[in-house]
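Engineer: As input, take data.txt (compact mmCIF, C-alpha atoms and all ligand atoms):
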# COMPACT_ATOMS: atom_id res chain seq x y z
CA MET S 19 0.00 0.00 0.00
CA SER S 20 2.76 2.51 0.70
CA ASP S 21 5.01 1.64 -2.24
CA PRO S 22 6.41 5.08 -3.16
CA ARG S 23 6.56 4.08 -6.85
CA THR S 24 2.78 4.09 -6.99
CA THR S 25 0.73 7.30 -7.31
CA ASN S 26 -0.64 8.64 -4.06
CA LEU S 27 -4.18 9.56 -5.07
CA LEU S 28 -4.33 12.12 -2.24
CA ASP S 29 -1.80 14.18 -4.19
CA LEU S 30 -4.33 14.76 -6.97
CA ASP S 31 -7.24 17.18 -7.18
CA ARG S 32 -10.19 16.35 -9.42
CA ARG S 33 -8.39 17.41 -12.60
CA GLY S 34 -5.36 15.41 -11.61
CA LEU S 35 -7.45 12.34 -10.87
CA GLU S 36 -9.20 12.64 -14.21
CA GLY S 37 -5.80 12.74 -15.90
CA PHE S 38 -4.70 9.72 -13.90
CA PHE S 39 -7.72 7.68 -14.98
CA ALA S 40 -7.44 8.89 -18.58
CA ALA S 41 -3.87 7.59 -18.62
CA MET S 42 -5.22 4.22 -17.48
CA GLY S 43 -7.72 4.25 -20.34
CA GLU S 44 -10.63 4.80 -17.93
CA LYS S 45 -13.52 7.26 -18.17
CA SER S 46 -13.22 10.49 -16.25
CA PHE S 47 -16.19 9.76 -13.97
CA ARG S 48 -13.98 7.22 -12.22
CA ALA S 49 -12.22 10.25 -10.74
CA GLN S 50 -15.49 11.42 -9.24
CA GLN S 51 -16.31 8.01 -7.84
CA VAL S 52 -12.91 7.61 -6.24
CA MET S 53 -12.96 11.14 -4.81
CA LYS S 54 -16.24 10.42 -3.10
CA TRP S 55 -14.91 7.19 -1.66
CA ILE S 56 -11.83 8.87 -0.26
CA TYR S 57 -13.20 12.11 1.12
CA GLN S 58 -16.90 11.58 1.73
CA LEU S 59 -17.13 7.91 2.56
CA ASP S 60 -13.72 7.74 4.19
CA VAL S 61 -12.83 4.41 2.60
CA ASP S 62 -9.12 3.81 2.74
CA ASP S 63 -8.62 0.76 0.61
CA PHE S 64 -9.52 0.02 -2.99
CA ALA S 65 -11.23 -3.25 -2.16
CA GLY S 66 -14.01 -1.29 -0.44
CA MET S 67 -14.84 0.81 -3.52
CA SER S 68 -17.77 -1.33 -4.51
CA ASN S 69 -18.90 0.58 -7.59
CA LEU S 70 -15.58 -0.05 -9.35
CA SER S 71 -15.13 -3.30 -11.23
CA LYS S 72 -13.01 -5.92 -9.60
CA ALA S 73 -10.49 -5.62 -12.42
CA LEU S 74 -10.16 -1.86 -11.91
CA ARG S 75 -9.78 -2.24 -8.16
CA GLU S 76 -6.99 -4.71 -8.85
CA ARG S 77 -5.25 -2.31 -11.23
CA LEU S 78 -5.54 0.51 -8.72
CA HIS S 79 -4.13 -1.71 -6.06
CA ASN S 80 -1.01 -2.15 -8.20
CA ALA S 81 -0.66 1.41 -9.53
CA ALA S 82 -1.92 3.65 -6.75
CA ARG S 83 -2.08 4.16 -3.02
CA MET S 84 -3.92 6.35 -0.52
CA GLU S 85 -1.25 7.33 1.93
CA LEU S 86 -1.93 9.62 4.86
CA PRO S 87 0.31 10.90 7.62
CA ARG S 88 0.08 8.97 10.88
CA VAL S 89 -1.49 10.53 13.97
CA VAL S 90 1.11 10.20 16.71
CA MET S 91 -0.46 12.48 19.27
CA ASP S 92 -3.88 13.99 19.85
CA ARG S 93 -4.11 16.63 22.56
CA LEU S 94 -7.13 18.48 23.84
CA SER S 95 -6.68 21.94 25.30
CA ALA S 96 -8.65 23.20 28.29
CA ASP S 97 -10.44 25.64 25.97
CA GLY S 98 -11.58 22.88 23.61
CA SER S 99 -9.01 23.36 20.86
CA ARG S 100 -7.33 20.20 19.76
CA LYS S 101 -3.88 19.59 18.34
CA LEU S 102 -2.91 16.62 16.23
CA LEU S 103 0.72 15.74 15.81
CA LEU S 104 1.16 13.94 12.51
CA GLN S 105 4.14 11.94 11.39
CA LEU S 106 5.05 11.95 7.71
CA ALA S 107 6.53 9.06 5.77
CA ASP S 108 10.05 10.52 6.10
CA GLY S 109 9.78 10.77 9.88
CA ASN S 110 9.15 14.53 10.01
CA CYS S 111 6.27 15.67 12.16
CA ILE S 112 3.76 18.44 11.59
CA GLU S 113 0.90 19.84 13.57
CA THR S 114 -2.66 20.74 12.80
CA VAL S 115 -5.00 22.49 15.20
CA PHE S 116 -8.79 22.46 15.44
CA ILE S 117 -10.44 25.48 17.05
CA PRO S 118 -14.12 25.05 17.87
CA GLU S 119 -16.31 28.13 18.23
CA LYS S 120 -20.03 28.54 18.70
CA GLU S 121 -20.95 28.85 15.06
CA ARG S 122 -18.02 27.22 13.37
CA GLY S 123 -15.08 24.89 13.63
CA THR S 124 -11.81 26.09 12.19
CA LEU S 125 -8.90 23.88 11.25
CA CYS S 126 -5.46 25.49 11.13
CA VAL S 127 -3.40 23.68 8.50
CA SER S 128 0.37 23.63 7.86
CA SER S 129 1.93 23.97 4.42
CA GLN S 130 5.63 23.30 5.05
CA VAL S 131 7.84 21.52 7.55
CA GLY S 132 9.36 24.59 9.18
CA CYS S 133 9.59 27.90 7.33
CA MET S 134 12.25 29.83 5.40
CA LEU S 135 11.06 33.31 6.20
CA ASN S 136 12.64 33.92 9.55
CA CYS S 137 10.10 36.37 10.97
CA SER S 138 11.65 37.58 14.21
CA PHE S 139 8.59 36.99 16.42
CA CYS S 140 7.61 33.50 15.19
CA SER S 141 8.74 30.30 16.85
CA THR S 142 8.49 28.27 13.64
CA ALA S 143 11.32 30.43 12.29
CA GLN S 144 13.60 29.16 15.06
CA GLN S 145 13.30 25.67 13.61
CA GLY S 146 14.49 26.61 10.15
CA PHE S 147 13.14 25.11 6.97
CA ASN S 148 13.01 21.44 6.19
CA ARG S 149 10.77 20.91 3.14
CA ASN S 150 7.49 21.60 1.41
CA LEU S 151 4.52 19.42 2.26
CA THR S 152 2.91 17.41 -0.53
CA THR S 153 -0.76 17.88 -1.41
CA ALA S 154 -1.47 14.55 0.29
CA GLU S 155 0.16 15.77 3.48
CA ILE S 156 -1.85 19.02 3.39
CA ILE S 157 -5.26 17.54 2.57
CA GLY S 158 -4.36 14.63 4.87
CA GLN S 159 -4.47 17.07 7.79
CA VAL S 160 -8.07 17.91 6.94
CA LEU S 161 -9.05 14.29 6.43
CA LEU S 162 -7.40 13.06 9.62
CA ALA S 163 -8.76 15.91 11.72
CA SER S 164 -12.20 15.29 10.30
CA ARG S 165 -11.87 11.63 11.28
CA ALA S 166 -10.54 12.41 14.74
CA LEU S 167 -13.41 14.79 15.35
CA GLY S 168 -15.82 12.01 14.62
CA GLY S 169 -19.36 12.58 13.53
CA ASP S 170 -20.78 11.61 10.23
CA VAL S 171 -18.24 12.68 7.64
CA GLN S 172 -20.86 12.87 4.97
CA HIS S 173 -23.51 15.01 6.61
CA LYS S 174 -22.25 16.84 9.61
CA ARG S 175 -18.68 17.87 9.48
CA ALA S 176 -17.02 19.47 12.46
CA ILE S 177 -14.71 21.43 10.19
CA THR S 178 -16.56 24.37 8.64
CA ASN S 179 -13.53 26.58 7.96
CA VAL S 180 -9.91 26.03 7.07
CA VAL S 181 -7.13 28.53 7.62
CA MET S 182 -3.75 27.99 5.99
CA MET S 183 -2.06 29.46 9.06
CA GLY S 184 -0.08 26.58 10.48
CA MET S 185 3.60 26.11 9.89
CA GLY S 186 5.11 27.43 6.69
CA GLU S 187 4.54 30.07 4.04
CA PRO S 188 1.77 28.63 1.83
CA LEU S 189 2.60 30.73 -1.23
CA LEU S 190 6.13 29.34 -1.29
CA ASN S 191 4.57 25.91 -1.77
CA TYR S 192 2.08 27.22 -4.28
CA ASP S 193 1.19 24.21 -6.45
CA ALA S 194 0.70 21.70 -3.66
CA VAL S 195 -1.27 24.19 -1.57
CA VAL S 196 -3.58 25.16 -4.43
CA ARG S 197 -4.26 21.50 -5.28
CA ALA S 198 -5.11 20.85 -1.64
CA MET S 199 -7.40 23.87 -1.51
CA ASN S 200 -9.08 22.67 -4.72
CA ILE S 201 -9.88 19.44 -2.89
CA MET S 202 -11.18 21.37 0.14
CA ARG S 203 -13.48 23.31 -2.20
CA ASP S 204 -14.62 20.35 -4.29
CA ASP S 205 -18.21 19.24 -3.71
CA LEU S 206 -17.09 15.64 -4.06
CA ALA S 207 -14.65 16.15 -1.20
CA PHE S 208 -15.08 18.77 1.55
CA GLY S 209 -17.29 21.22 -0.33
CA LEU S 210 -16.05 24.31 1.54
CA SER S 211 -16.87 27.59 -0.14
CA LYS S 212 -14.01 29.90 -1.03
CA ARG S 213 -15.09 32.26 1.75
CA ARG S 214 -14.48 29.51 4.29
CA ILE S 215 -10.90 28.89 3.28
CA THR S 216 -8.36 31.54 4.24
CA LEU S 217 -4.78 31.58 3.12
CA SER S 218 -2.44 33.58 5.30
CA THR S 219 0.71 34.90 3.71
CA SER S 220 3.64 37.08 4.66
CA GLY S 221 3.19 38.69 1.24
CA ILE S 222 4.74 36.84 -1.70
CA VAL S 223 3.49 39.45 -4.16
CA PRO S 224 3.75 37.64 -7.54
CA GLU S 225 1.91 34.59 -6.21
CA LEU S 226 -0.94 36.73 -4.93
CA ASP S 227 -2.04 37.63 -8.45
CA ARG S 228 -1.76 34.01 -9.48
CA LEU S 229 -3.81 32.88 -6.50
CA ARG S 230 -6.55 35.38 -7.30
CA ALA S 231 -6.78 34.03 -10.85
CA GLU S 232 -6.49 30.34 -10.04
CA CYS S 233 -8.08 29.64 -6.68
CA ASP S 234 -9.46 32.83 -5.20
CA VAL S 235 -9.82 31.88 -1.55
CA SER S 236 -10.05 34.45 1.24
CA LEU S 237 -6.83 36.27 1.91
CA ALA S 238 -5.09 37.16 5.15
CA VAL S 239 -1.84 39.08 5.09
CA SER S 240 0.70 39.18 7.91
CA LEU S 241 1.43 42.88 7.95
CA HIS S 242 2.69 43.45 11.53
CA ALA S 243 4.36 46.78 10.77
CA THR S 244 3.36 50.01 9.11
CA ASN S 245 6.66 51.14 7.61
CA ASP S 246 9.34 49.31 5.65
CA GLU S 247 12.10 49.89 8.15
CA LEU S 248 10.25 48.05 10.92
CA ARG S 249 8.70 45.44 8.64
CA ASN S 250 12.13 44.59 7.20
CA GLU S 251 13.09 43.62 10.72
CA LEU S 252 9.93 41.75 11.72
CA VAL S 253 9.06 40.12 8.39
CA PRO S 254 12.33 40.04 6.42
CA ILE S 255 10.64 39.05 3.12
CA ASN S 256 9.56 42.71 3.13
CA ARG S 257 12.99 43.57 1.71
CA LYS S 258 11.95 41.76 -1.44
CA TYR S 259 8.29 42.81 -1.50
CA PRO S 260 7.97 46.12 0.35
CA ILE S 261 4.75 47.43 1.85
CA ALA S 262 3.69 49.63 -1.08
CA GLU S 263 3.89 46.71 -3.54
CA LEU S 264 2.15 44.40 -1.10
CA MET S 265 -0.73 46.80 -0.51
CA GLU S 266 -1.16 47.28 -4.23
CA ALA S 267 -1.36 43.48 -4.71
CA CYS S 268 -3.92 43.29 -1.89
CA ARG S 269 -6.00 45.98 -3.56
CA ARG S 270 -5.97 43.99 -6.81
CA TYR S 271 -6.91 40.81 -4.97
CA VAL S 272 -10.28 42.17 -3.88
CA ALA S 273 -10.77 44.79 -6.62
CA ASP S 274 -13.56 43.22 -8.62
CA GLU S 275 -15.81 42.10 -5.77
CA PRO S 276 -17.42 44.98 -3.91
CA ARG S 277 -17.90 43.39 -0.50
CA ARG S 278 -14.68 41.49 -0.35
CA ARG S 279 -11.95 42.39 2.12
CA VAL S 280 -8.40 41.44 2.93
CA THR S 281 -7.72 40.54 6.55
CA PHE S 282 -4.54 42.12 7.85
CA GLU S 283 -2.90 40.32 10.74
CA TYR S 284 -1.00 42.45 13.19
CA VAL S 285 0.92 40.95 16.09
CA MET S 286 0.96 43.24 19.12
CA LEU S 287 4.54 43.65 20.36
CA ALA S 288 4.99 45.92 23.38
CA GLY S 289 7.03 49.00 22.56
CA VAL S 290 7.74 47.80 19.01
CA ASN S 291 4.69 48.34 16.80
CA ASP S 292 1.87 49.17 19.19
CA SER S 293 1.80 52.97 19.66
CA ASP S 294 -1.08 55.29 18.76
CA ALA S 295 1.10 56.66 15.97
CA HIS S 296 1.46 53.13 14.56
CA ALA S 297 -2.31 52.69 14.64
CA ARG S 298 -2.79 55.94 12.73
CA GLU S 299 -0.10 54.95 10.24
CA LEU S 300 -1.94 51.66 9.78
CA LEU S 301 -5.18 53.50 9.06
CA ARG S 302 -3.43 55.51 6.37
CA LEU S 303 -2.02 52.35 4.78
CA LEU S 304 -5.41 50.67 4.68
CA ARG S 305 -7.18 53.60 3.03
CA ARG S 306 -6.98 52.15 -0.45
CA VAL S 307 -7.63 48.49 0.39
CA PRO S 308 -10.99 47.18 1.62
CA SER S 309 -9.80 45.57 4.82
CA LYS S 310 -10.37 44.06 8.22
CA VAL S 311 -7.74 43.90 10.93
CA ASN S 312 -6.94 41.01 13.19
CA LEU S 313 -4.84 42.01 16.18
CA ILE S 314 -2.91 39.07 17.61
CA PRO S 315 -1.50 39.30 21.14
CA PHE S 316 2.08 38.04 20.90
CA ASN S 317 2.45 34.43 22.03
CA PRO S 318 5.80 34.07 23.76
CA PHE S 319 8.19 31.15 23.23
CA PRO S 320 11.54 30.29 24.81
CA ASN S 321 14.39 32.75 24.22
CA THR S 322 12.34 35.51 22.65
CA ALA S 323 12.99 39.11 23.59
CA TYR S 324 9.48 40.25 22.61
CA VAL S 325 6.66 40.82 25.05
CA SER S 326 2.99 41.14 24.18
CA SER S 327 1.31 44.52 24.46
CA ASP S 328 -0.95 44.56 27.49
CA PRO S 329 -4.73 44.25 27.05
CA GLN S 330 -5.31 47.97 27.70
CA ARG S 331 -2.82 48.99 24.99
CA ILE S 332 -4.38 46.53 22.55
CA LEU S 333 -7.81 47.96 23.29
CA GLU S 334 -6.65 51.51 22.69
CA PHE S 335 -4.92 50.51 19.47
CA GLN S 336 -8.05 48.70 18.38
CA ASN S 337 -10.24 51.72 19.16
CA ILE S 338 -8.18 54.00 16.95
CA LEU S 339 -8.71 51.58 14.06
CA ILE S 340 -12.41 51.17 14.77
CA ASN S 341 -12.89 54.92 15.00
CA GLY S 342 -11.10 55.15 11.68
CA GLY S 343 -13.78 52.89 10.18
CA ILE S 344 -11.88 49.60 10.09
CA VAL S 345 -13.50 46.43 11.43
CA THR S 346 -10.94 45.24 13.97
CA VAL S 347 -10.97 42.20 16.18
CA THR S 348 -8.45 40.97 18.69
CA ARG S 349 -7.75 37.32 18.26
CA LYS S 350 -8.30 35.27 21.36
CA THR S 351 -5.33 33.18 22.24
CA ARG S 352 -6.45 29.59 22.04
CA GLY S 353 -4.69 26.39 22.81
CA ASP S 354 -1.62 27.92 24.40
CA ASP S 355 -1.62 25.23 27.09
CA ILE S 356 -0.85 22.71 24.34
CA ALA S 357 1.58 24.97 22.43
CA ALA S 358 -0.90 25.32 19.59
CA ALA S 359 -1.28 29.10 19.57
CA CYS S 360 -0.11 31.29 16.67
CA GLY S 361 3.61 31.03 16.16
CA GLN S 362 3.95 28.13 18.56
CA LEU S 363 3.50 25.36 16.00
CA ALA S 364 7.07 24.28 16.05
CA GLY S 365 6.44 20.64 15.19
CA GLU S 366 9.18 18.19 15.69
CA PHE S 367 12.04 17.71 13.37
CA ARG S 368 13.00 14.14 13.84
CA ASP S 369 15.55 14.04 11.07
CA ARG S 370 17.10 17.32 12.16
CA THR S 371 17.32 15.98 15.66
CA ARG S 372 18.92 12.86 14.32
CA ARG S 373 21.31 14.97 12.30
CA ARG S 374 22.19 16.88 15.43
CA GLU S 375 22.67 13.62 17.30
CA ARG S 376 24.96 12.34 14.56
CA GLN S 377 26.96 15.57 14.63
CA LEU S 378 27.25 15.21 18.36
CA GLU S 379 28.42 11.62 18.01
CA VAL S 380 31.10 12.65 15.51
CA ALA S 381 32.22 15.47 17.78
CA VAL S 382 32.38 13.16 20.77
CA GLN S 383 34.41 10.61 18.83
CA GLU S 384 36.84 13.32 17.72
CA VAL S 385 37.33 14.44 21.30
CA ARG S 386 37.93 10.88 22.36
CA GLY S 387 40.46 10.50 19.56
N1 LIG J 1 3.25 31.87 7.27
C1 LIG J 1 1.91 32.42 7.25
C2 LIG J 1 1.04 31.85 8.38
C3 LIG J 1 1.59 32.18 9.74
S1 LIG J 1 0.69 31.82 11.22
C4 LIG J 1 1.99 33.91 7.34
O1 LIG J 1 3.07 34.44 7.54
O2 LIG J 1 0.97 34.57 7.20
C5 LIG J 1 -0.61 32.96 11.35
C6 LIG J 1 -0.29 34.31 11.99
O3 LIG J 1 0.35 34.20 13.27
C7 LIG J 1 0.64 35.14 11.12
O4 LIG J 1 0.12 36.43 10.96
C8 LIG J 1 1.90 35.15 11.93
O5 LIG J 1 2.69 36.26 11.62
C9 LIG J 1 1.37 35.17 13.35
N2 LIG J 1 2.36 34.81 14.36
C10 LIG J 1 3.52 34.15 14.19
N3 LIG J 1 4.17 34.04 15.36
C11 LIG J 1 3.40 34.61 16.30
C12 LIG J 1 3.53 34.77 17.70
N4 LIG J 1 4.58 34.29 18.38
N5 LIG J 1 2.54 35.41 18.36
C13 LIG J 1 1.46 35.85 17.68
N6 LIG J 1 1.29 35.72 16.37
C14 LIG J 1 2.25 35.12 15.67
Written as structure tokens, how would this file's structure read?
Ligand code: SAH

Structural biologist:
Amino acid sequence: MSDPRTTNLLDLDRRGLEGFFAAMGEKSFRAQQVMKWIYQLDVDDFAGMSNLSKALRERLHNAARMELPRVVMDRLSADGSRKLLLQLADGNCIETVFIPEKERGTLCVSSQVGCMLNCSFCSTAQQGFNRNLTTAEIIGQVLLASRALGGDVQHKRAITNVVMMGMGEPLLNYDAVVRAMNIMRDDLAFGLSKRRITLSTSGIVPELDRLRAECDVSLAVSLHATNDELRNELVPINRKYPIAELMEACRRYVADEPRRRVTFEYVMLAGVNDSDAHARELLRLLRRVPSKVNLIPFNPFPNTAYVSSDPQRILEFQNILINGGIVTVTRKTRGDDIAAACGQLAGEFRDRTRRRERQLEVAVQEVRG
């Protein structure tokens, strides 16, 4: 079943599956049947796909597989959020977090093992970058969380919203992420509307235009600073795509739909980006882009020099934005008792750890002569 020479069907969106079946000389509706089996009926072996001929099931058995990450830990936070630790075929681990609210259930999904962007206030950055996730590993998070949350997969799903806000920069893993989001949107799979899927990016400008044209999900942008000097320090990719270019791309993203808005995420760092003057500067920046603002109290992690703004400061900052006509909410910190809050999804890097262990072994041997 996990022969890596076979095609992992979870790597393919509907178009990909149709191509796969066409190459086998099969009709394209096979793609639809198989998609339903995998995502709606949760069948994980070909033998159970009873509307496929026995011969086809046999051929699939030899040419394809349905390989998911393995759940190695499942932790429930006191506030009801739930973190799954998933192990990938190469031993790397990633995390996915489910956040239940009254009216909806949001799954926070990772796109990479680690991250290359090195934002100064994010704990994922401390871990460095390991690799991109495959489509199967991204959609696998949704499928496994959906399973873990129980219920009837077909009728009542616990997951009503997905945010691409876990580990990694989703637009630096563009193709795999878009394929996975296509599966999230597909009526034969999760059937989530584009409004219920939000991709959060640090602002990879060229990919934003592509995303608008090709997948068009809701957009959140990690702004965090109102001038280039400060943003260069907090979100170093700003040196490549400075604020003016980013804001222009955001304006284009929502330009042809009147009620659409970009969500700007803004981490509240005491004494760094949280003054009244910053709030007013933010208002000026947002003038030309239909927007909402999400203020995120900083979640601390070991060895960070940053401290979160206190609640009073956040409230005052928020009021300036609201009085300026911008819908602004402060994100509640959820799941911090299980290290699942924003910026705390550090995962576990088994192979890096092993590498470190090996280095240590070599060093020890050298010392011993
Ligand atoms: N890589 C994506 C998703 C990041 S996680 C992106 O950059 O948009 C979602 C949000 O949490 C981002 O806005 C991110 O900047 C923010 N974040 C990261 N570390 C944080 C921390 N320690 N405290 C609060 N928010 C943090």

Engineer: Distance CA of Ile201 in chain S-CA of Gly221 in chain S, one decimal place?

Structural biologist: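 Separation of CA of Ile201 in chain S and CA of Gly221 in chain S: 23.6 Å.
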
Engineer: Could you check the closest approach to Thr346 in chain S for each of S:Thr281, S:Ser327, S:Asn136, S:Thr25 and tell me which residue wins, using only C-alpha atoms?

Structural biologist: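 The answer is S:Thr281, which sits nearest to Thr346 in chain S.
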
Engineer: Name all residues at most 9 Å from Val239 in chain S (count only C-alpha atoms; drop same-chain ones fewer than 6 positions away) and give them as an mmCIF file with C-alpha atoms, in the coordinates of the input.

Structural biologist:
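part.cif, freshly written:
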data_model
loop_
_atom_site.group_PDB
_atom_site.id
_atom_site.type_symbol
_atom_site.label_atom_id
_atom_site.label_comp_id
_atom_site.auth_asym_id
_atom_site.auth_seq_id
_atom_site.Cartn_x
_atom_site.Cartn_y
_atom_site.Cartn_z
ATOM 1 C CA LEU S 217 -4.780 31.580 3.120
ATOM 2 C CA SER S 218 -2.440 33.580 5.300
ATOM 3 C CA THR S 219 0.710 34.900 3.710
ATOM 4 C CA SER S 220 3.640 37.080 4.660
ATOM 5 C CA GLY S 221 3.190 38.690 1.240
ATOM 6 C CA CYS S 268 -3.920 43.290 -1.890
ATOM 7 C CA VAL S 280 -8.400 41.440 2.930
ATOM 8 C CA THR S 281 -7.720 40.540 6.550
ATOM 9 C CA PHE S 282 -4.540 42.120 7.850
ATOM 10 C CA GLU S 283 -2.900 40.320 10.740
ATOM 11 C CA TYR S 284 -1.000 42.450 13.190
#

Engineer: At a cut-off of 7 Å, can you tabulate as a tab-separated table every residue of chain S near ligand LIG 1 (chain J) together with its closest atom pair and the distance in Å to one decimal, using only C-alpha atoms and all ligand atoms and ordering rows by chain then number?

Structural biologist:
residue	atom	partner	partner_atom	distance
S:Phe139	CA	J:LIG1	N4	5.2
S:Cys140	CA	J:LIG1	N3	3.5
S:Ser141	CA	J:LIG1	N4	6.0
S:Met182	CA	J:LIG1	C2	6.6
S:Met183	CA	J:LIG1	C2	4.0
S:Gly184	CA	J:LIG1	S1	5.3
S:Met185	CA	J:LIG1	N1	6.3
S:Gly186	CA	J:LIG1	N1	4.8
S:Glu187	CA	J:LIG1	N1	3.9
S:Pro188	CA	J:LIG1	N1	6.5
S:Ser218	CA	J:LIG1	O2	4.0
S:Thr219	CA	J:LIG1	O2	3.5
S:Ser220	CA	J:LIG1	O1	3.9
S:Ala238	CA	J:LIG1	O2	6.9
S:Val239	CA	J:LIG1	O2	5.7
S:Ser240	CA	J:LIG1	O4	4.1
S:Glu283	CA	J:LIG1	O4	4.9
S:Tyr284	CA	J:LIG1	O4	6.5
S:Val285	CA	J:LIG1	N6	5.3
S:Ile314	CA	J:LIG1	C13	5.4
S:Pro315	CA	J:LIG1	C13	5.7
S:Phe316	CA	J:LIG1	N5	3.7
S:Asn317	CA	J:LIG1	N5	3.8
S:Pro318	CA	J:LIG1	N4	5.5
S:Phe319	CA	J:LIG1	N4	6.8
S:Cys360	CA	J:LIG1	O3	4.5
S:Gly361	CA	J:LIG1	N3	3.2
S:Gln362	CA	J:LIG1	N4	6.2

Engineer: S:Met286, S:Leu104, S:Val89, S:Ala207: which is nearest Thr348 in chain S, counting only C-alpha atoms?

Structural biologist: S:Met286

Engineer: Please list as a list in words every residue within 7 Å of Pro87 in chain S, counting only C-alpha atoms and excluding residues in the same chain fewer than 5 positions away.

Structural biologist: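 Selected residues are Leu104, Gln105, Leu106, Ala107, Glu155 and Gly158 of chain S.
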
Engineer: Keeping only C-alpha atoms, write the selected residues as a CSV table (one decimal), keeping the file's coordinate frame.

Structural biologist:
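File produced: selection32.csv:
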chain,number,residue,atom,x,y,z
S,104,LEU,CA,1.2,13.9,12.5
S,105,GLN,CA,4.1,11.9,11.4
S,106,LEU,CA,5.0,12.0,7.7
S,107,ALA,CA,6.5,9.1,5.8
S,155,GLU,CA,0.2,15.8,3.5
S,158,GLY,CA,-4.4,14.6,4.9

Engineer: Using only C-alpha atoms for the distances, tell me which of S:Arg175, S:Arg77, S:Lys212, S:Lys45 is nearest to Phe64 in chain S.

Structural biologist: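 Result for the nearest residue to Phe64 in chain S: S:Arg77.
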
Engineer: Please fill the gaps in range 248-260 of chain S so it has N, CA and C atoms, and write that as a PDB file, in the frame of the given file.

Structural biologist:
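This is the output file rebuild_22.pdb:
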ATOM      1  N   LEU S 248      10.623  49.000   9.860  1.00  0.00           N
ATOM      2  CA  LEU S 248      10.250  48.050  10.920  1.00  0.00           C
ATOM      3  C   LEU S 248       9.843  46.694  10.333  1.00  0.00           C
ATOM      4  N   ARG S 249       9.142  46.725   9.209  1.00  0.00           N
ATOM      5  CA  ARG S 249       8.700  45.440   8.640  1.00  0.00           C
ATOM      6  C   ARG S 249       9.888  44.632   8.124  1.00  0.00           C
ATOM      7  N   ASN S 250      10.927  45.313   7.623  1.00  0.00           N
ATOM      8  CA  ASN S 250      12.130  44.590   7.200  1.00  0.00           C
ATOM      9  C   ASN S 250      12.690  43.756   8.345  1.00  0.00           C
ATOM     10  N   GLU S 251      12.538  44.306   9.547  1.00  0.00           N
ATOM     11  CA  GLU S 251      13.090  43.620  10.720  1.00  0.00           C
ATOM     12  C   GLU S 251      12.164  42.494  11.183  1.00  0.00           C
ATOM     13  N   LEU S 252      10.864  42.752  11.190  1.00  0.00           N
ATOM     14  CA  LEU S 252       9.930  41.750  11.720  1.00  0.00           C
ATOM     15  C   LEU S 252       9.621  40.651  10.705  1.00  0.00           C
ATOM     16  N   VAL S 253       9.434  41.055   9.466  1.00  0.00           N
ATOM     17  CA  VAL S 253       9.060  40.120   8.390  1.00  0.00           C
ATOM     18  C   VAL S 253      10.051  40.335   7.251  1.00  0.00           C
ATOM     19  N   PRO S 254      11.221  39.693   7.322  1.00  0.00           N
ATOM     20  CA  PRO S 254      12.330  40.040   6.420  1.00  0.00           C
ATOM     21  C   PRO S 254      12.013  39.922   4.914  1.00  0.00           C
ATOM     22  N   ILE S 255      10.987  39.145   4.536  1.00  0.00           N
ATOM     23  CA  ILE S 255      10.640  39.050   3.120  1.00  0.00           C
ATOM     24  C   ILE S 255      10.197  40.419   2.591  1.00  0.00           C
ATOM     25  N   ASN S 256       9.938  41.351   3.509  1.00  0.00           N
ATOM     26  CA  ASN S 256       9.560  42.710   3.130  1.00  0.00           C
ATOM     27  C   ASN S 256      10.666  43.396   2.307  1.00  0.00           C
ATOM     28  N   ARG S 257      11.907  42.963   2.492  1.00  0.00           N
ATOM     29  CA  ARG S 257      12.990  43.570   1.710  1.00  0.00           C
ATOM     30  C   ARG S 257      12.800  43.270   0.230  1.00  0.00           C
ATOM     31  N   LYS S 258      12.204  42.127  -0.044  1.00  0.00           N
ATOM     32  CA  LYS S 258      11.950  41.760  -1.440  1.00  0.00           C
ATOM     33  C   LYS S 258      10.632  42.349  -1.939  1.00  0.00           C
ATOM     34  N   TYR S 259       9.612  42.292  -1.102  1.00  0.00           N
ATOM     35  CA  TYR S 259       8.290  42.810  -1.500  1.00  0.00           C
ATOM     36  C   TYR S 259       7.823  43.833  -0.478  1.00  0.00           C
ATOM     37  N   PRO S 260       8.267  45.086  -0.655  1.00  0.00           N
ATOM     38  CA  PRO S 260       7.970  46.120   0.350  1.00  0.00           C
ATOM     39  C   PRO S 260       6.482  46.457   0.437  1.00  0.00           C
TER      40      PRO S 260
END
